[in-house]
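Chemist: Just so it is clear, I am handing over structure.txt, which has compact mmCIF, C-alpha atoms.
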# COMPACT_ATOMS: atom_id res chain seq x y z
CA MET A 1 21.96 -54.46 -116.99
CA ARG A 2 20.90 -56.51 -119.97
CA GLU A 3 23.28 -59.08 -121.35
CA ARG A 4 24.92 -57.99 -124.56
CA ARG A 5 23.42 -59.59 -127.63
CA PRO A 6 25.59 -61.47 -130.10
CA PRO A 7 27.21 -59.23 -132.76
CA HIS A 8 24.92 -60.50 -135.52
CA LYS A 9 21.90 -59.18 -133.60
CA THR A 10 23.14 -55.67 -132.78
CA ARG A 11 20.93 -54.21 -135.49
CA GLU A 12 17.93 -55.10 -133.36
CA ARG A 13 18.87 -52.41 -130.84
CA THR A 14 16.98 -49.72 -132.66
CA LYS A 15 14.47 -47.26 -131.29
CA PRO A 16 11.13 -48.93 -130.63
CA THR A 17 8.29 -47.68 -132.83
CA ASP A 18 5.20 -49.45 -131.51
CA ASN A 19 2.88 -47.76 -129.03
CA ALA A 20 3.58 -50.33 -126.34
CA ALA A 21 7.22 -49.23 -126.29
CA ALA A 22 6.46 -45.50 -126.26
CA LYS A 23 8.08 -45.13 -122.81
CA ARG A 24 11.35 -46.74 -123.93
CA VAL A 25 14.16 -44.23 -124.35
CA THR A 26 17.94 -44.17 -124.11
CA LEU A 27 19.29 -43.84 -120.59
CA PRO A 28 20.66 -40.27 -121.08
CA ARG A 29 17.29 -39.20 -122.44
CA ALA A 30 15.54 -40.89 -119.51
CA LEU A 31 17.56 -38.84 -117.02
CA SER A 32 16.75 -35.70 -118.99
CA LYS A 33 13.02 -36.50 -119.19
CA LEU A 34 12.98 -37.12 -115.44
CA GLY A 35 14.36 -33.62 -114.97
CA TYR A 36 17.52 -34.83 -113.25
CA CYS A 37 20.10 -33.36 -115.65
CA SER A 38 20.84 -32.64 -119.30
CA ARG A 39 21.67 -35.47 -121.71
CA THR A 40 25.32 -34.37 -121.85
CA GLN A 41 25.55 -34.45 -118.06
CA ALA A 42 23.80 -37.83 -118.05
CA GLU A 43 26.33 -39.30 -120.47
CA ARG A 44 29.11 -38.17 -118.15
CA LEU A 45 27.45 -39.77 -115.12
CA ILE A 46 26.98 -43.03 -117.03
CA ALA A 47 30.61 -43.05 -118.18
CA GLU A 48 31.67 -42.58 -114.55
CA ASN A 49 29.66 -45.73 -113.57
CA ARG A 50 27.41 -43.70 -111.27
CA VAL A 51 24.10 -44.76 -112.84
CA ALA A 52 22.25 -48.01 -112.13
CA VAL A 53 19.07 -49.43 -113.64
CA ASP A 54 17.14 -51.93 -111.54
CA GLY A 55 20.14 -52.23 -109.24
CA ARG A 56 22.75 -52.89 -111.95
CA THR A 57 25.35 -50.35 -112.97
CA VAL A 58 25.06 -49.25 -116.59
CA SER A 59 28.07 -47.87 -118.45
CA ASP A 60 26.58 -47.95 -121.95
CA THR A 61 25.15 -44.54 -122.95
CA SER A 62 23.13 -46.16 -125.75
CA ALA A 63 21.28 -48.52 -123.38
CA TRP A 64 17.48 -48.41 -123.54
CA VAL A 65 15.24 -48.24 -120.48
CA ASP A 66 11.50 -48.32 -119.92
CA LEU A 67 10.48 -45.19 -118.02
CA ALA A 68 7.25 -46.87 -116.95
CA THR A 69 8.96 -49.73 -115.09
CA ALA A 70 12.69 -49.07 -114.61
CA SER A 71 14.15 -48.03 -111.27
CA ILE A 72 17.02 -45.61 -111.99
CA SER A 73 19.48 -44.53 -109.32
CA ILE A 74 22.42 -42.11 -109.18
CA ASP A 75 25.17 -42.86 -106.66
CA GLY A 76 22.82 -45.37 -105.03
CA LEU A 77 19.89 -42.95 -104.64
CA VAL A 78 16.74 -43.69 -106.63
CA ILE A 79 15.54 -40.69 -108.60
CA ALA A 80 11.94 -39.88 -109.42
CA ALA A 81 10.36 -37.61 -111.99
CA GLU A 82 10.07 -34.01 -110.85
CA ALA A 83 6.65 -32.47 -110.82
CA LYS A 84 6.16 -30.77 -114.18
CA ILE A 85 6.20 -26.96 -113.98
CA TYR A 86 4.96 -24.55 -116.66
CA LEU A 87 5.49 -20.82 -116.14
CA MET A 88 4.91 -17.61 -118.08
CA LEU A 89 7.17 -14.56 -117.69
CA ASN A 90 6.57 -11.06 -119.04
CA LYS A 91 10.21 -10.47 -119.91
CA PRO A 92 11.42 -6.91 -119.44
CA ARG A 93 13.72 -5.30 -121.97
CA GLY A 94 17.42 -5.53 -121.12
CA LEU A 95 17.52 -9.09 -119.76
CA VAL A 96 19.37 -11.85 -121.59
CA THR A 97 17.77 -15.28 -121.93
CA THR A 98 20.38 -17.41 -120.21
CA ARG A 99 20.99 -18.75 -116.70
CA HIS A 100 24.54 -17.43 -116.38
CA ASP A 101 25.92 -14.56 -118.44
CA PRO A 102 29.74 -14.37 -118.75
CA GLU A 103 29.47 -10.58 -119.12
CA GLY A 104 27.56 -10.28 -115.86
CA ARG A 105 24.43 -8.82 -117.45
CA PRO A 106 21.05 -9.31 -115.75
CA THR A 107 19.22 -12.42 -116.94
CA VAL A 108 15.63 -13.67 -117.09
CA TYR A 109 16.44 -15.89 -114.10
CA ASP A 110 16.58 -12.75 -111.95
CA CYS A 111 12.77 -12.77 -112.30
CA LEU A 112 12.59 -16.40 -111.09
CA ARG A 113 14.32 -16.09 -107.73
CA ASP A 114 11.20 -17.29 -105.91
CA PHE A 115 11.16 -20.56 -107.87
CA ASP A 116 13.66 -23.09 -106.51
CA ILE A 117 13.49 -25.44 -109.51
CA PRO A 118 16.98 -26.53 -110.64
CA HIS A 119 16.09 -27.73 -114.14
CA LEU A 120 13.72 -24.96 -115.19
CA SER A 121 14.61 -23.80 -118.71
CA PRO A 122 13.23 -21.23 -121.16
CA VAL A 123 11.25 -22.49 -124.14
CA GLY A 124 13.11 -20.67 -126.90
CA ARG A 125 14.40 -17.20 -126.22
CA LEU A 126 13.89 -13.48 -126.63
CA ASP A 127 16.92 -11.32 -127.34
CA LYS A 128 18.09 -8.67 -124.89
CA ALA A 129 16.17 -5.82 -126.53
CA SER A 130 12.92 -7.77 -126.88
CA GLU A 131 10.09 -8.02 -124.36
CA GLY A 132 7.03 -10.05 -123.58
CA LEU A 133 5.89 -13.65 -123.30
CA LEU A 134 8.56 -16.20 -122.43
CA LEU A 135 7.73 -19.72 -121.24
CA PHE A 136 9.73 -21.79 -118.75
CA THR A 137 9.37 -25.48 -117.98
CA ASN A 138 11.22 -28.55 -116.71
CA ASP A 139 9.22 -30.70 -119.16
CA THR A 140 11.81 -31.24 -121.89
CA GLU A 141 9.45 -33.18 -124.16
CA PHE A 142 6.88 -30.37 -124.05
CA ALA A 143 9.55 -27.75 -124.81
CA GLN A 144 11.01 -29.68 -127.73
CA ILE A 145 7.63 -30.25 -129.37
CA LEU A 146 6.57 -26.64 -128.86
CA LEU A 147 9.78 -25.45 -130.58
CA ASP A 148 9.67 -28.02 -133.40
CA PRO A 149 9.06 -26.16 -136.71
CA VAL A 150 6.89 -29.10 -137.82
CA THR A 151 4.20 -28.17 -135.28
CA HIS A 152 3.86 -24.62 -136.72
CA VAL A 153 2.88 -23.04 -133.40
CA THR A 154 2.60 -19.33 -134.17
CA LYS A 155 4.24 -16.60 -132.15
CA THR A 156 2.60 -13.16 -132.25
CA TYR A 157 4.53 -9.91 -131.79
CA HIS A 158 3.57 -6.26 -131.48
CA VAL A 159 6.30 -4.13 -133.03
CA GLN A 160 6.77 -0.38 -132.86
CA ILE A 161 8.57 1.03 -135.90
CA ASP A 162 9.91 4.48 -136.81
CA ARG A 163 7.43 5.20 -139.62
CA ILE A 164 3.99 4.39 -140.97
CA MET A 165 4.07 0.95 -142.62
CA ASP A 166 2.44 1.01 -146.07
CA ASP A 167 0.45 -1.79 -147.74
CA GLU A 168 3.34 -2.72 -150.02
CA ASP A 169 5.70 -3.40 -147.14
CA ILE A 170 3.04 -5.33 -145.20
CA ALA A 171 2.54 -7.54 -148.26
CA ALA A 172 6.32 -7.98 -148.62
CA MET A 173 6.62 -9.35 -145.09
CA THR A 174 4.13 -12.14 -145.81
CA ALA A 175 5.46 -12.79 -149.33
CA GLY A 176 9.04 -13.14 -148.05
CA ILE A 177 12.01 -10.81 -147.69
CA ARG A 178 15.57 -11.84 -148.44
CA HIS A 179 18.20 -10.80 -145.90
CA ASP A 180 21.83 -11.95 -145.98
CA GLY A 181 20.89 -14.66 -148.49
CA GLU A 182 18.07 -16.05 -146.31
CA LEU A 183 14.37 -15.84 -147.16
CA LEU A 184 12.41 -14.60 -144.16
CA THR A 185 8.62 -14.83 -144.15
CA ALA A 186 5.89 -13.79 -141.72
CA THR A 187 2.75 -15.89 -141.45
CA ALA A 188 0.71 -12.68 -141.11
CA ALA A 189 1.29 -8.95 -140.70
CA ARG A 190 -1.04 -6.01 -140.19
CA ARG A 191 -1.11 -2.45 -138.87
CA VAL A 192 -2.39 -2.12 -135.29
CA ARG A 193 -2.24 1.62 -134.62
CA GLN A 194 -0.28 4.63 -135.74
CA GLY A 195 0.72 8.13 -134.75
CA ASP A 196 2.22 11.01 -136.70
CA ARG A 197 5.74 9.62 -136.92
CA ASN A 198 5.67 5.97 -135.90
CA SER A 199 3.29 3.03 -135.80
CA TRP A 200 2.69 -0.42 -134.34
CA ILE A 201 2.32 -3.54 -136.45
CA GLU A 202 1.36 -7.08 -135.47
CA VAL A 203 3.50 -9.88 -136.90
CA GLU A 204 2.95 -13.64 -136.68
CA LEU A 205 5.74 -16.17 -137.18
CA ASP A 206 5.62 -19.95 -137.27
CA GLU A 207 9.40 -20.35 -137.42
CA GLY A 208 12.19 -19.20 -135.15
CA ARG A 209 14.92 -17.63 -137.26
CA ASN A 210 17.48 -15.53 -135.40
CA ARG A 211 16.30 -11.89 -135.02
CA GLN A 212 13.82 -12.57 -137.81
CA ILE A 213 11.50 -9.57 -137.44
CA ARG A 214 14.34 -7.12 -136.87
CA ARG A 215 16.13 -8.41 -139.97
CA MET A 216 12.97 -8.16 -142.09
CA LEU A 217 12.43 -4.57 -141.00
CA GLU A 218 16.09 -3.76 -141.60
CA ALA A 219 15.74 -5.04 -145.18
CA LEU A 220 12.77 -2.67 -145.59
CA GLY A 221 14.83 0.27 -144.30
CA THR A 222 12.78 0.42 -141.11
CA GLU A 223 13.99 0.79 -137.52
CA CYS A 224 12.48 -1.41 -134.82
CA LEU A 225 11.80 0.72 -131.74
CA ARG A 226 10.14 -1.95 -129.56
CA LEU A 227 9.37 -5.63 -130.03
CA VAL A 228 6.95 -7.38 -127.66
CA ARG A 229 5.86 -11.01 -127.94
CA VAL A 230 2.19 -11.08 -126.96
CA ALA A 231 1.13 -14.67 -127.71
CA ILE A 232 2.35 -18.21 -128.36
CA GLY A 233 -0.28 -20.30 -130.09
CA GLY A 234 -3.50 -19.32 -128.34
CA LEU A 235 -1.70 -18.45 -125.10
CA GLU A 236 -1.79 -14.67 -124.57
CA LEU A 237 0.43 -12.50 -122.39
CA GLY A 238 -2.61 -10.56 -121.27
CA GLU A 239 -2.26 -8.15 -118.34
CA LEU A 240 0.69 -9.87 -116.66
CA PRO A 241 2.89 -7.04 -115.28
CA LYS A 242 6.41 -6.51 -116.59
CA GLY A 243 8.85 -8.83 -114.82
CA ALA A 244 6.06 -10.89 -113.26
CA VAL A 245 5.74 -14.68 -113.43
CA ARG A 246 2.70 -16.93 -113.17
CA ALA A 247 1.91 -20.61 -113.67
CA LEU A 248 -0.06 -21.69 -116.72
CA SER A 249 -3.57 -22.85 -115.97
CA GLU A 250 -4.59 -26.39 -116.90
CA PRO A 251 -6.88 -25.16 -119.75
CA GLU A 252 -4.01 -23.05 -121.14
CA LEU A 253 -1.65 -26.02 -120.99
CA GLN A 254 -4.15 -28.35 -122.64
CA ALA A 255 -4.74 -25.81 -125.42
CA LEU A 256 -1.01 -25.65 -126.16
CA ARG A 257 -0.81 -29.43 -126.20
CA ARG A 258 -3.66 -29.57 -128.70
CA LYS A 259 -1.83 -27.04 -130.88
CA THR A 260 1.23 -29.27 -131.00
CA GLY A 261 -0.64 -32.56 -131.36
CA MET A 262 0.58 -33.80 -127.98
CA GLU A 263 -2.97 -34.67 -126.92
CA ARG A 264 -3.40 -37.00 -129.90
CA THR A 265 -0.06 -38.64 -129.14
CA ARG A 266 -1.09 -39.26 -125.51
CA ARG A 267 -4.41 -40.82 -126.51
CA ASN A 268 -2.65 -43.15 -128.93
Step by step, read the file and then write its structure as structure tokens.

Modeler:
Amino acid sequence: MRERRPPHKTRERTKPTDNAAAKRVTLPRALSKLGYCSRTQAERLIAENRVAVDGRTVSDTSAWVDLATASISIDGLVIAAEAKIYLMLNKPRGLVTTRHDPEGRPTVYDCLRDFDIPHLSPVGRLDKASEGLLLFTNDTEFAQILLDPVTHVTKTYHVQIDRIMDDEDIAAMTAGIRHDGELLTATAARRVRQGDRNSWIEVELDEGRNRQIRRMLEALGTECLRLVRVAIGGLELGELPKGAVRALSEPELQALRRKTGMERTRRN
């Protein structure tokens, strides 16, 4: 553990900003990035004096470590970064996006029984009635950047509604619709196909408001019959069967990283 600096120098313990210190993070974040546990769980372990850095017990949750050089151990056992996993699930309707449901409902993790990865988490969520593309990873940095509204990674949905959508309502979705005092806007919307009584529309979002598409349709007096997420960025659901899981290919992963700017960050 580092010696504590004199009080008049405590302001120097700020987050490093130069590229050389890019691997320096707080100890709870380090444990999270290594895939060992969540930050909250890490803070508890540190408070219980169970965490050591380079052989010295650390009890300060604000301590900084260098992931490139530090040896971190829990209860005397050195931990290493888990192999990074990136999976795609075609989520069936009726599953909730959580690991444990207090009501005992089936969850998306029922589709992941063959993957013994303790820290695998969904990237965002789909509500119980929604279907389609849902990503899972143990790479917390990747997940956070992908979900950050600043990156503007679009999500594309195919939505079945109970009527034929007219041009005026399509334009309203991209212009913005107010629902419960909140302005909800689609990046793009268009008709895909239609029958005699209902139709399918394609909607793109670059933000993740709660039940956003359903609320927009509700404001237009339209019932949502089905909602399927078919793409995230340039990553498409494709022909993956309902309830099936597959790993992302390296080209797919690199394309997502380019969308979020992660590739530029790595090169710098």

Chemist: Write out as a ChimeraX atom specification each polymer residue whose atoms come within 12 Å of A:Thr57, counting all atoms listed in the file; drop sequence neighbours fewer than 5 positions from it.

Modeler: /A:1-2,27,45-52,63,71-76

Chemist: What does the structure give for the distance between atom CA of A:Asp116 and atom CA of A:Thr98, in Å to one decimal?

Modeler: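 Answer for the atom CA of A:Asp116 to atom CA of A:Thr98 separation: 16.3 Å.
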
Chemist: Pick out the residues sitting within 8 Å of A:Leu87, and hand them over as a PDB file with C-alpha atoms, in the coordinates of the input; count all atoms listed in the file, and ignore anything fewer than 6 positions along from it in its own chain.

Modeler:
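The resulting file, result39.pdb, is reproduced below:
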ATOM      1  CA  LEU A 135       7.730 -19.720-121.240  1.00  0.00           C
ATOM      2  CA  PHE A 136       9.730 -21.790-118.750  1.00  0.00           C
ATOM      3  CA  THR A 137       9.370 -25.480-117.980  1.00  0.00           C
ATOM      4  CA  VAL A 245       5.740 -14.680-113.430  1.00  0.00           C
ATOM      5  CA  ARG A 246       2.700 -16.930-113.170  1.00  0.00           C
ATOM      6  CA  ALA A 247       1.910 -20.610-113.670  1.00  0.00           C
ATOM      7  CA  LEU A 248      -0.060 -21.690-116.720  1.00  0.00           C
TER       8      LEU A 248
END

Chemist: Would you mind telling me which residue in A:Gln212, A:Thr69, A:Gln160, A:Thr260 lies nearest to A:Ile145 when using only C-alpha atoms?

Modeler: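 The shortest atom-to-atom distance to A:Ile145 comes from A:Thr260.
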
Chemist: Mind dumping a table of every stretch 90-202 of chain A residue within 12 Å of stretch 32-36 of chain A, with the nearest atom pair and its distance in Å to one decimal, using only C-alpha atoms, sorted by chain and rising number, as JSON lines?

Modeler:
{"residue": "A:Ile117", "atom": "CA", "partner": "A:Gly35", "partner_atom": "CA", "distance": 9.9}
{"residue": "A:Pro118", "atom": "CA", "partner": "A:Gly35", "partner_atom": "CA", "distance": 8.7}
{"residue": "A:His119", "atom": "CA", "partner": "A:Gly35", "partner_atom": "CA", "distance": 6.2}
{"residue": "A:Leu120", "atom": "CA", "partner": "A:Gly35", "partner_atom": "CA", "distance": 8.7}
{"residue": "A:Ser121", "atom": "CA", "partner": "A:Gly35", "partner_atom": "CA", "distance": 10.5}
{"residue": "A:Thr137", "atom": "CA", "partner": "A:Gly35", "partner_atom": "CA", "distance": 10.0}
{"residue": "A:Asn138", "atom": "CA", "partner": "A:Gly35", "partner_atom": "CA", "distance": 6.2}
{"residue": "A:Asp139", "atom": "CA", "partner": "A:Lys33", "partner_atom": "CA", "distance": 6.9}
{"residue": "A:Thr140", "atom": "CA", "partner": "A:Lys33", "partner_atom": "CA", "distance": 6.0}
{"residue": "A:Glu141", "atom": "CA", "partner": "A:Lys33", "partner_atom": "CA", "distance": 7.0}
{"residue": "A:Phe142", "atom": "CA", "partner": "A:Lys33", "partner_atom": "CA", "distance": 9.9}
{"residue": "A:Ala143", "atom": "CA", "partner": "A:Lys33", "partner_atom": "CA", "distance": 11.0}
{"residue": "A:Gln144", "atom": "CA", "partner": "A:Lys33", "partner_atom": "CA", "distance": 11.1}

Chemist: When you count all atoms listed in the file, which of these residues is closest to A:Ser130: A:Pro92, A:Gly176, A:Gly238, A:Gly195?

Modeler: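 Between A:Pro92, A:Gly176, A:Gly238, A:Gly195, the residue approaching A:Ser130 most closely is A:Pro92.
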
Chemist: Can you pull out every residue within 7 Å of A:Glu43, counting all atoms listed in the file, but drop anything in the same chain fewer than 4 positions away, and send it as a VMD selection string?

Modeler: chain A and resid 28 39 47 61

Chemist: Could you check which residues have any atom within 6 Å of (15.5, -46.8, -122.2), counting all atoms listed in the file with coordinates taken straight from the file, and then list them as a short mmCIF file (atom, residue, chain, number, x, y, z; two decimals) with C-alpha atoms, keeping the file's coordinate frame?

Modeler:
data_model
loop_
_atom_site.label_atom_id
_atom_site.label_comp_id
_atom_site.auth_asym_id
_atom_site.auth_seq_id
_atom_site.Cartn_x
_atom_site.Cartn_y
_atom_site.Cartn_z
CA ARG A 24 11.35 -46.74 -123.93
CA VAL A 25 14.16 -44.23 -124.35
CA THR A 26 17.94 -44.17 -124.11
CA LEU A 27 19.29 -43.84 -120.59
CA TRP A 64 17.48 -48.41 -123.54
CA VAL A 65 15.24 -48.24 -120.48
CA ASP A 66 11.50 -48.32 -119.92
#

Chemist: Between A:Pro122, A:Gly243, A:Pro251, A:Gly221, which one has atoms that come closest to A:Gly94, using only C-alpha atoms?

Modeler: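 Looking at the shortest contact to A:Gly94, the residue is A:Gly243.
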